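Q: One structure is given below, represented as structure tokens, and several questions about it will come after.
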Amino acid sequence: MQFNIKTSEANKVVVQELTRRINLPSENHISRIAFSYSLAKGEKLNLETDLKDSKGKEYKDDILFGSYRDYYIALTCQHYGLYKTDASIGKYIKMHIDHGLELINKLFENNKSYSGLDFLLENVAKGIEALEDAEISLDAVKNFNQTIKKSYYADAIRILVGKEIDSEEEIFFNLNDTSIHNNAHVAVAGNSGTGKTYFANNFLKQVVESSKGEVNFIYLDFKGLKKEDEQSLKPFFDQTKAVYIDAPHTPFPLNPLSFIDNVNEKNKIMGINKFVDIIEAYSGIGKNQVQTLRDATRDAFAAKKNGEYPSFTDIYNFVLDAEGDKASKLREVLQSLSELELFESKVDLKNSFLNKNHYLSLSGDLPKAVRFTAVFLIINYIYNIFMNMENAPIEGKYQGMRYVLLIDEAHVIFKEKKSQDLLEKILREIRSKGVSVVLLSQGIEEFNQPSFDFSSMCETAFLFDIKDKTNLKMMSKFLGIGEKEANKLKSSMEKIQKYQVVSNLKEFKAGELFKTT
């Protein structure tokens, strides 16, 4: 979707005058400022009464937005409760540019001594203050047809993570103590066979025990389990009462389409667009197939009665009707998702699966596009479910906790830019809902991506033995420790053994070696 936006005829001169007055390098900057200034006023404009003529300054969207196009669209969608594919977005942006130009021009006309620098400094300061109190609305993809509830546990969750090597003194991680920790996200890195997986399983087991079963988890395993692995994990499954799901042999107990509101027509369309976005991002289908999928999904919903939801098979059949016998990536992905029955077709409107523990093993034999699509449908579903809940409160000094989302082999996600965006969003937003995200990876370099350092969003990090133990700078960054502790870290990593770990744990000494339990 492209925008060619023209200001009103009256604002053509205003653009030139304000650009000179504020001393801006080009005229597109004042229109960006005008849009933001207008939107910040909180007023909702009316397309029928406030849309002015288009006889003034013209901008193509790449000139107007630069590299920040998605941000302007997102701001508009948040303000009006629109989805990003809504055809009227361009008109709303134009309205607010014209509106903002008029407001700013009037401000300078009424204050002759007011300088461009005064204007910028004052409004940047206001913007920063507003960001701190801003609330994000998810109504555009919210499902008002489901009863979504998950209790929280707001007492201490204390995890025994290890013992000191010499003294055998126990080391505890106070997961939800806000007087110690700002968030409950955890990063764990280590080679295969170092004790990383055992540590993660013990962590989950203690979370369940410490919370008296109120905090549940899902363990996402990309690589799939072998039969011998299943046997070795049986005590863990028994102790946590975890449901083991061996996909594709056992379907995951949710229909990922059920985050869509199938009652309210506007919400339904926006939810379908969100679903199509996920398939497009992680399956690699082309633009023409995106429209085919969107039409097929709408048809599949329309064919259902009494609030029922379609399955992947239903959507696949409508795609077949549209494409005929032509081979396509879309058909390949949907065929696998439907024939393999990776998901339940029935819908649990109360989302009771959230009150159980799950270990999801995705076979490594599945096609990559199918694996990625399935995993991110699940992650997105969980994200939307929790973001539609009320915040988990802080009682005393303890953050209420509901759930742990553990992603094994997380380096697989980090390599894909489109996947990084969703993961970053989850890490930033979901913690207020009482959800802890635990990321497991074989190395530390995957956490530090060019666009974002994921370890910085995980306050607590545990580092087992890794291949590149000589890169002190990278290890220090992963743990978030300074020069003072770096020498201790270097010494610890030189002598680290299996089941031993260094950490930035605030309850222990940063960079010092200890043994896990």
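By convention in this document, the chains of the structure tokens carry letters A, B, ... by their order, each chain's residues are numbered from 1, and ligands are numbered from 1 in the order they are shown.
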Excluding range 60-71 of chain A and any residue of its chain fewer than 6 positions from it, enumerate the residues within 9 Å of it, using only C-alpha atoms, and give them as a list in words.
A: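 Skipping anything fewer than 6 positions along the chain leaves Gln2, Phe3, Asn4, Ile5, Lys6, Glu27, Asn28, His29, Ser31, Arg32 and Lys84 of chain A.
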Q: Enumerate the residues of range 244-453 of chain A with a DSSP assignment of strand (DSSP E), computed from the backbone, and present them as a PDB file with N, CA and C atoms, in the first residue's frame.
A:
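Output saved as part.pdb:
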ATOM      1  N   TYR A 244       2.959 -33.787  27.051  1.00  0.00           N
ATOM      2  CA  TYR A 244       3.969 -33.883  25.992  1.00  0.00           C
ATOM      3  C   TYR A 244       3.272 -33.965  24.642  1.00  0.00           C
ATOM      4  N   ILE A 245       3.594 -33.015  23.776  1.00  0.00           N
ATOM      5  CA  ILE A 245       2.979 -32.968  22.448  1.00  0.00           C
ATOM      6  C   ILE A 245       4.064 -33.193  21.400  1.00  0.00           C
ATOM      7  N   ASP A 246       3.974 -34.324  20.752  1.00  0.00           N
ATOM      8  CA  ASP A 246       4.954 -34.718  19.741  1.00  0.00           C
ATOM      9  C   ASP A 246       4.376 -34.423  18.362  1.00  0.00           C
ATOM     10  N   ALA A 247       4.559 -33.173  17.915  1.00  0.00           N
ATOM     11  CA  ALA A 247       4.002 -32.781  16.615  1.00  0.00           C
ATOM     12  C   ALA A 247       4.910 -33.318  15.498  1.00  0.00           C
ATOM     13  N   ASN A 357       0.603 -27.388  31.832  1.00  0.00           N
ATOM     14  CA  ASN A 357       1.976 -27.273  31.361  1.00  0.00           C
ATOM     15  C   ASN A 357       2.147 -28.101  30.096  1.00  0.00           C
ATOM     16  N   HIS A 358       2.838 -27.547  29.119  1.00  0.00           N
ATOM     17  CA  HIS A 358       3.007 -28.233  27.827  1.00  0.00           C
ATOM     18  C   HIS A 358       4.463 -28.251  27.397  1.00  0.00           C
ATOM     19  N   TYR A 359       4.850 -29.369  26.844  1.00  0.00           N
ATOM     20  CA  TYR A 359       6.150 -29.489  26.182  1.00  0.00           C
ATOM     21  C   TYR A 359       5.856 -29.795  24.723  1.00  0.00           C
ATOM     22  N   LEU A 360       6.137 -28.826  23.842  1.00  0.00           N
ATOM     23  CA  LEU A 360       5.837 -28.985  22.424  1.00  0.00           C
ATOM     24  C   LEU A 360       7.116 -29.317  21.675  1.00  0.00           C
ATOM     25  N   SER A 361       7.162 -30.506  21.130  1.00  0.00           N
ATOM     26  CA  SER A 361       8.306 -30.949  20.344  1.00  0.00           C
ATOM     27  C   SER A 361       7.908 -30.951  18.869  1.00  0.00           C
ATOM     28  N   LEU A 362       8.571 -30.108  18.083  1.00  0.00           N
ATOM     29  CA  LEU A 362       8.316 -30.051  16.650  1.00  0.00           C
ATOM     30  C   LEU A 362       9.379 -30.853  15.920  1.00  0.00           C
ATOM     31  N   ILE A 394       1.362  -5.953  41.078  1.00  0.00           N
ATOM     32  CA  ILE A 394       2.446  -6.145  42.043  1.00  0.00           C
ATOM     33  C   ILE A 394       1.837  -6.046  43.434  1.00  0.00           C
ATOM     34  N   GLU A 395       1.965  -7.092  44.217  1.00  0.00           N
ATOM     35  CA  GLU A 395       1.424  -7.119  45.575  1.00  0.00           C
ATOM     36  C   GLU A 395       2.590  -7.127  46.554  1.00  0.00           C
ATOM     37  N   TYR A 398       6.137  -8.300  45.222  1.00  0.00           N
ATOM     38  CA  TYR A 398       6.131  -9.419  44.286  1.00  0.00           C
ATOM     39  C   TYR A 398       5.239  -9.161  43.076  1.00  0.00           C
ATOM     40  N   GLN A 399       5.835  -9.308  41.891  1.00  0.00           N
ATOM     41  CA  GLN A 399       5.080  -9.218  40.641  1.00  0.00           C
ATOM     42  C   GLN A 399       4.229 -10.468  40.476  1.00  0.00           C
ATOM     43  N   TYR A 403       2.731 -17.184  33.814  1.00  0.00           N
ATOM     44  CA  TYR A 403       3.143 -18.133  32.766  1.00  0.00           C
ATOM     45  C   TYR A 403       4.625 -17.977  32.460  1.00  0.00           C
ATOM     46  N   VAL A 404       5.234 -19.070  31.992  1.00  0.00           N
ATOM     47  CA  VAL A 404       6.603 -19.037  31.483  1.00  0.00           C
ATOM     48  C   VAL A 404       6.590 -19.551  30.046  1.00  0.00           C
ATOM     49  N   LEU A 405       7.113 -18.746  29.141  1.00  0.00           N
ATOM     50  CA  LEU A 405       7.270 -19.139  27.743  1.00  0.00           C
ATOM     51  C   LEU A 405       8.746 -19.418  27.515  1.00  0.00           C
ATOM     52  N   LEU A 406       9.099 -20.708  27.384  1.00  0.00           N
ATOM     53  CA  LEU A 406      10.499 -21.087  27.189  1.00  0.00           C
ATOM     54  C   LEU A 406      10.718 -21.497  25.738  1.00  0.00           C
ATOM     55  N   ILE A 407      11.691 -20.866  25.094  1.00  0.00           N
ATOM     56  CA  ILE A 407      12.005 -21.144  23.689  1.00  0.00           C
ATOM     57  C   ILE A 407      13.401 -21.740  23.619  1.00  0.00           C
ATOM     58  N   VAL A 435       4.219 -12.677  32.595  1.00  0.00           N
ATOM     59  CA  VAL A 435       4.801 -13.741  31.776  1.00  0.00           C
ATOM     60  C   VAL A 435       6.322 -13.594  31.758  1.00  0.00           C
ATOM     61  N   SER A 436       7.001 -14.674  32.059  1.00  0.00           N
ATOM     62  CA  SER A 436       8.458 -14.732  31.977  1.00  0.00           C
ATOM     63  C   SER A 436       8.849 -15.439  30.688  1.00  0.00           C
ATOM     64  N   VAL A 437       9.747 -14.833  29.912  1.00  0.00           N
ATOM     65  CA  VAL A 437      10.261 -15.455  28.693  1.00  0.00           C
ATOM     66  C   VAL A 437      11.675 -15.962  28.979  1.00  0.00           C
ATOM     67  N   VAL A 438      11.912 -17.235  28.713  1.00  0.00           N
ATOM     68  CA  VAL A 438      13.228 -17.844  28.914  1.00  0.00           C
ATOM     69  C   VAL A 438      13.761 -18.277  27.549  1.00  0.00           C
ATOM     70  N   LEU A 439      14.920 -17.757  27.179  1.00  0.00           N
ATOM     71  CA  LEU A 439      15.519 -18.035  25.873  1.00  0.00           C
ATOM     72  C   LEU A 439      16.765 -18.894  26.049  1.00  0.00           C
ATOM     73  N   LEU A 440      16.794 -20.049  25.380  1.00  0.00           N
ATOM     74  CA  LEU A 440      17.946 -20.936  25.415  1.00  0.00           C
ATOM     75  C   LEU A 440      18.628 -20.936  24.057  1.00  0.00           C
ATOM     76  N   SER A 441      19.943 -20.806  24.063  1.00  0.00           N
ATOM     77  CA  SER A 441      20.682 -20.818  22.808  1.00  0.00           C
ATOM     78  C   SER A 441      22.059 -21.429  23.029  1.00  0.00           C
TER      79      SER A 441
END
Q: What is the CA of Ser455 in chain A to CA of Phe478 in chain A distance in Å?
A: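 Separation between CA of Ser455 in chain A and CA of Phe478 in chain A: 5.8 Å.
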Q: Which residue out of A:Lys91, A:Lys477, A:His185, A:Lys12 has the minimum interatomic distance to Arg431 in chain A when only C-alpha atoms are used?
A: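 Among the listed residues, the smallest separation from Arg431 in chain A belongs to A:His185.
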Q: Taking only C-alpha atoms into account, name the residue in A:Ile218, A:Ala87, A:Val347, A:Leu254 that is nearest to Ala242 in chain A.
A: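 Nearest to Ala242 in chain A: A:Ile218.
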Q: Name all residues at most 9 Å from Asp468 in chain A (count only C-alpha atoms; drop same-chain ones fewer than 5 positions away) and give them as a ChimeraX atom specification.
A: /A:443-444,475
Q: Just list as a PDB file with C-alpha atoms, in the first residue's frame whatever in range 114-314 of chain A DSSP marks as alpha helix (DSSP H).
A:
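The new file states_12.pdb reads:
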ATOM      1  CA  GLY A 116      11.548  27.456  15.991  1.00  0.00           C
ATOM      2  CA  LEU A 117      13.967  26.112  18.597  1.00  0.00           C
ATOM      3  CA  ASP A 118      11.522  26.985  21.389  1.00  0.00           C
ATOM      4  CA  PHE A 119       8.817  25.042  19.581  1.00  0.00           C
ATOM      5  CA  LEU A 120      10.967  21.931  19.062  1.00  0.00           C
ATOM      6  CA  LEU A 121      12.378  21.805  22.594  1.00  0.00           C
ATOM      7  CA  GLU A 122       9.001  22.295  24.226  1.00  0.00           C
ATOM      8  CA  ASN A 123       7.224  19.642  22.187  1.00  0.00           C
ATOM      9  CA  VAL A 124      10.004  17.058  22.269  1.00  0.00           C
ATOM     10  CA  ALA A 125       9.939  17.309  26.081  1.00  0.00           C
ATOM     11  CA  LYS A 126       6.153  16.857  26.090  1.00  0.00           C
ATOM     12  CA  GLY A 127       6.482  13.866  23.777  1.00  0.00           C
ATOM     13  CA  ILE A 128       8.980  12.116  26.021  1.00  0.00           C
ATOM     14  CA  GLU A 129       6.724  12.611  29.032  1.00  0.00           C
ATOM     15  CA  ALA A 130       3.725  11.289  27.086  1.00  0.00           C
ATOM     16  CA  LEU A 131       5.596   8.156  26.004  1.00  0.00           C
ATOM     17  CA  GLU A 132       6.212   7.194  29.614  1.00  0.00           C
ATOM     18  CA  ASP A 133       2.461   7.122  30.300  1.00  0.00           C
ATOM     19  CA  LYS A 196      21.859 -26.102  29.927  1.00  0.00           C
ATOM     20  CA  THR A 197      18.709 -28.168  29.236  1.00  0.00           C
ATOM     21  CA  TYR A 198      18.825 -29.853  32.652  1.00  0.00           C
ATOM     22  CA  PHE A 199      19.097 -26.397  34.235  1.00  0.00           C
ATOM     23  CA  ALA A 200      16.092 -25.129  32.232  1.00  0.00           C
ATOM     24  CA  ASN A 201      13.941 -28.123  33.181  1.00  0.00           C
ATOM     25  CA  ASN A 202      14.851 -27.738  36.845  1.00  0.00           C
ATOM     26  CA  PHE A 203      14.009 -24.031  36.617  1.00  0.00           C
ATOM     27  CA  LEU A 204      10.520 -24.811  35.246  1.00  0.00           C
ATOM     28  CA  LYS A 205       9.952 -27.559  37.810  1.00  0.00           C
ATOM     29  CA  GLN A 206      10.725 -25.175  40.667  1.00  0.00           C
ATOM     30  CA  VAL A 207       8.513 -22.425  39.213  1.00  0.00           C
ATOM     31  CA  VAL A 208       5.581 -24.858  39.217  1.00  0.00           C
ATOM     32  CA  GLU A 209       6.357 -26.102  42.736  1.00  0.00           C
ATOM     33  CA  SER A 210       7.038 -22.652  44.207  1.00  0.00           C
ATOM     34  CA  LYS A 227      12.739 -41.761  21.745  1.00  0.00           C
ATOM     35  CA  GLU A 228      15.592 -41.950  24.227  1.00  0.00           C
ATOM     36  CA  ASP A 229      15.130 -38.234  25.004  1.00  0.00           C
ATOM     37  CA  GLU A 230      11.465 -38.829  25.722  1.00  0.00           C
ATOM     38  CA  GLN A 231      12.354 -41.523  28.247  1.00  0.00           C
ATOM     39  CA  SER A 232      14.948 -39.366  29.997  1.00  0.00           C
ATOM     40  CA  LEU A 233      12.439 -36.491  30.253  1.00  0.00           C
ATOM     41  CA  LYS A 234       9.638 -38.647  31.660  1.00  0.00           C
ATOM     42  CA  PRO A 235      10.460 -37.762  35.313  1.00  0.00           C
ATOM     43  CA  PHE A 236      10.284 -34.062  34.357  1.00  0.00           C
ATOM     44  CA  PHE A 237       6.917 -34.571  32.635  1.00  0.00           C
ATOM     45  CA  ASP A 238       5.599 -36.489  35.644  1.00  0.00           C
ATOM     46  CA  GLN A 239       6.845 -33.991  38.237  1.00  0.00           C
ATOM     47  CA  THR A 240       5.393 -30.974  36.402  1.00  0.00           C
ATOM     48  CA  GLU A 265     -17.247  -7.952  11.427  1.00  0.00           C
ATOM     49  CA  LYS A 266     -14.673  -5.154  11.656  1.00  0.00           C
ATOM     50  CA  ASN A 267     -12.633  -7.002  14.261  1.00  0.00           C
ATOM     51  CA  LYS A 268     -12.895 -10.174  12.215  1.00  0.00           C
ATOM     52  CA  ILE A 269     -11.405  -8.525   9.125  1.00  0.00           C
ATOM     53  CA  MET A 270      -8.539  -7.044  11.125  1.00  0.00           C
ATOM     54  CA  GLY A 271      -7.868 -10.367  12.859  1.00  0.00           C
ATOM     55  CA  ILE A 272      -7.809 -12.194   9.521  1.00  0.00           C
ATOM     56  CA  ASN A 273      -5.321  -9.648   8.194  1.00  0.00           C
ATOM     57  CA  LYS A 274      -3.118 -10.294  11.221  1.00  0.00           C
ATOM     58  CA  PHE A 275      -3.287 -14.050  10.633  1.00  0.00           C
ATOM     59  CA  VAL A 276      -2.375 -13.602   6.957  1.00  0.00           C
ATOM     60  CA  ASP A 277       0.577 -11.413   7.978  1.00  0.00           C
ATOM     61  CA  ILE A 278       1.962 -14.264  10.102  1.00  0.00           C
ATOM     62  CA  ILE A 279       1.646 -16.817   7.299  1.00  0.00           C
ATOM     63  CA  GLU A 280       3.256 -14.385   4.862  1.00  0.00           C
ATOM     64  CA  ALA A 281       6.154 -13.549   7.193  1.00  0.00           C
ATOM     65  CA  TYR A 282       7.149 -17.087   8.130  1.00  0.00           C
ATOM     66  CA  SER A 283       6.215 -19.158   5.089  1.00  0.00           C
ATOM     67  CA  LYS A 287       2.192 -11.033  -2.786  1.00  0.00           C
ATOM     68  CA  ASN A 288      -0.400 -12.606  -5.103  1.00  0.00           C
ATOM     69  CA  GLN A 289      -0.661 -15.607  -2.783  1.00  0.00           C
ATOM     70  CA  VAL A 290      -1.157 -13.256   0.169  1.00  0.00           C
ATOM     71  CA  GLN A 291      -4.357 -11.941  -1.413  1.00  0.00           C
ATOM     72  CA  THR A 292      -5.466 -15.483  -2.267  1.00  0.00           C
ATOM     73  CA  LEU A 293      -4.937 -16.512   1.354  1.00  0.00           C
ATOM     74  CA  ARG A 294      -6.792 -13.450   2.648  1.00  0.00           C
ATOM     75  CA  ASP A 295      -9.792 -14.165   0.393  1.00  0.00           C
ATOM     76  CA  ALA A 296      -9.762 -17.880   1.241  1.00  0.00           C
ATOM     77  CA  THR A 297      -9.655 -17.183   4.993  1.00  0.00           C
ATOM     78  CA  ARG A 298     -12.552 -14.742   4.744  1.00  0.00           C
ATOM     79  CA  ASP A 299     -14.547 -17.294   2.733  1.00  0.00           C
ATOM     80  CA  ALA A 300     -13.755 -20.007   5.284  1.00  0.00           C
ATOM     81  CA  PHE A 301     -15.027 -17.809   8.124  1.00  0.00           C
ATOM     82  CA  ALA A 302     -18.128 -16.851   6.136  1.00  0.00           C
ATOM     83  CA  PHE A 312      -6.583 -25.065   8.085  1.00  0.00           C
ATOM     84  CA  THR A 313      -8.263 -27.720   5.955  1.00  0.00           C
ATOM     85  CA  ASP A 314     -11.203 -25.372   5.334  1.00  0.00           C
TER      86      ASP A 314
END
Q: Restricting the calculation to only C-alpha atoms, which member of A:Tyr309, A:Phe376, A:Tyr153, A:Phe318 is positioned closest to Lys346 in chain A?
A: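 The answer is A:Tyr309, which sits nearest to Lys346 in chain A.
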Q: Do a neighbour search on range 363-368 of chain A at 9 Å with only C-alpha atoms, toss out local chain neighbours closer than 6 positions, and write the hits as number ranges by chain.
A: A: 221-225, 246-248, 283, 333, 336
Q: Would you mind exporting the chosen residues as an mmCIF file, in the first residue's frame, restricted to C-alpha atoms?
A:
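Result file part_36.cif:
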data_model
loop_
_atom_site.group_PDB
_atom_site.id
_atom_site.type_symbol
_atom_site.label_atom_id
_atom_site.label_comp_id
_atom_site.auth_asym_id
_atom_site.auth_seq_id
_atom_site.Cartn_x
_atom_site.Cartn_y
_atom_site.Cartn_z
ATOM 1 C CA ASP A 221 11.460 -27.367 21.266
ATOM 2 C CA PHE A 222 12.390 -26.784 17.604
ATOM 3 C CA LYS A 223 14.657 -29.764 17.123
ATOM 4 C CA GLY A 224 12.263 -32.529 18.150
ATOM 5 C CA LEU A 225 12.856 -35.305 20.677
ATOM 6 C CA ASP A 246 4.954 -34.718 19.741
ATOM 7 C CA ALA A 247 4.002 -32.781 16.615
ATOM 8 C CA PRO A 248 2.919 -33.810 14.059
ATOM 9 C CA SER A 283 6.215 -19.158 5.089
ATOM 10 C CA VAL A 333 2.403 -24.801 3.479
ATOM 11 C CA SER A 336 1.184 -29.566 5.339
#
Q: With only C-alpha atoms as the basis for distance, which of A:Arg20, A:Val370, A:Phe353, A:Glu168 is at the shortest distance from Val243 in chain A?
A: A:Phe353
Q: Taking only C-alpha atoms into account, name the residue in A:Ile97, A:Leu160, A:Ala461, A:Leu47 that is nearest to Ile481 in chain A.
A: A:Ala461
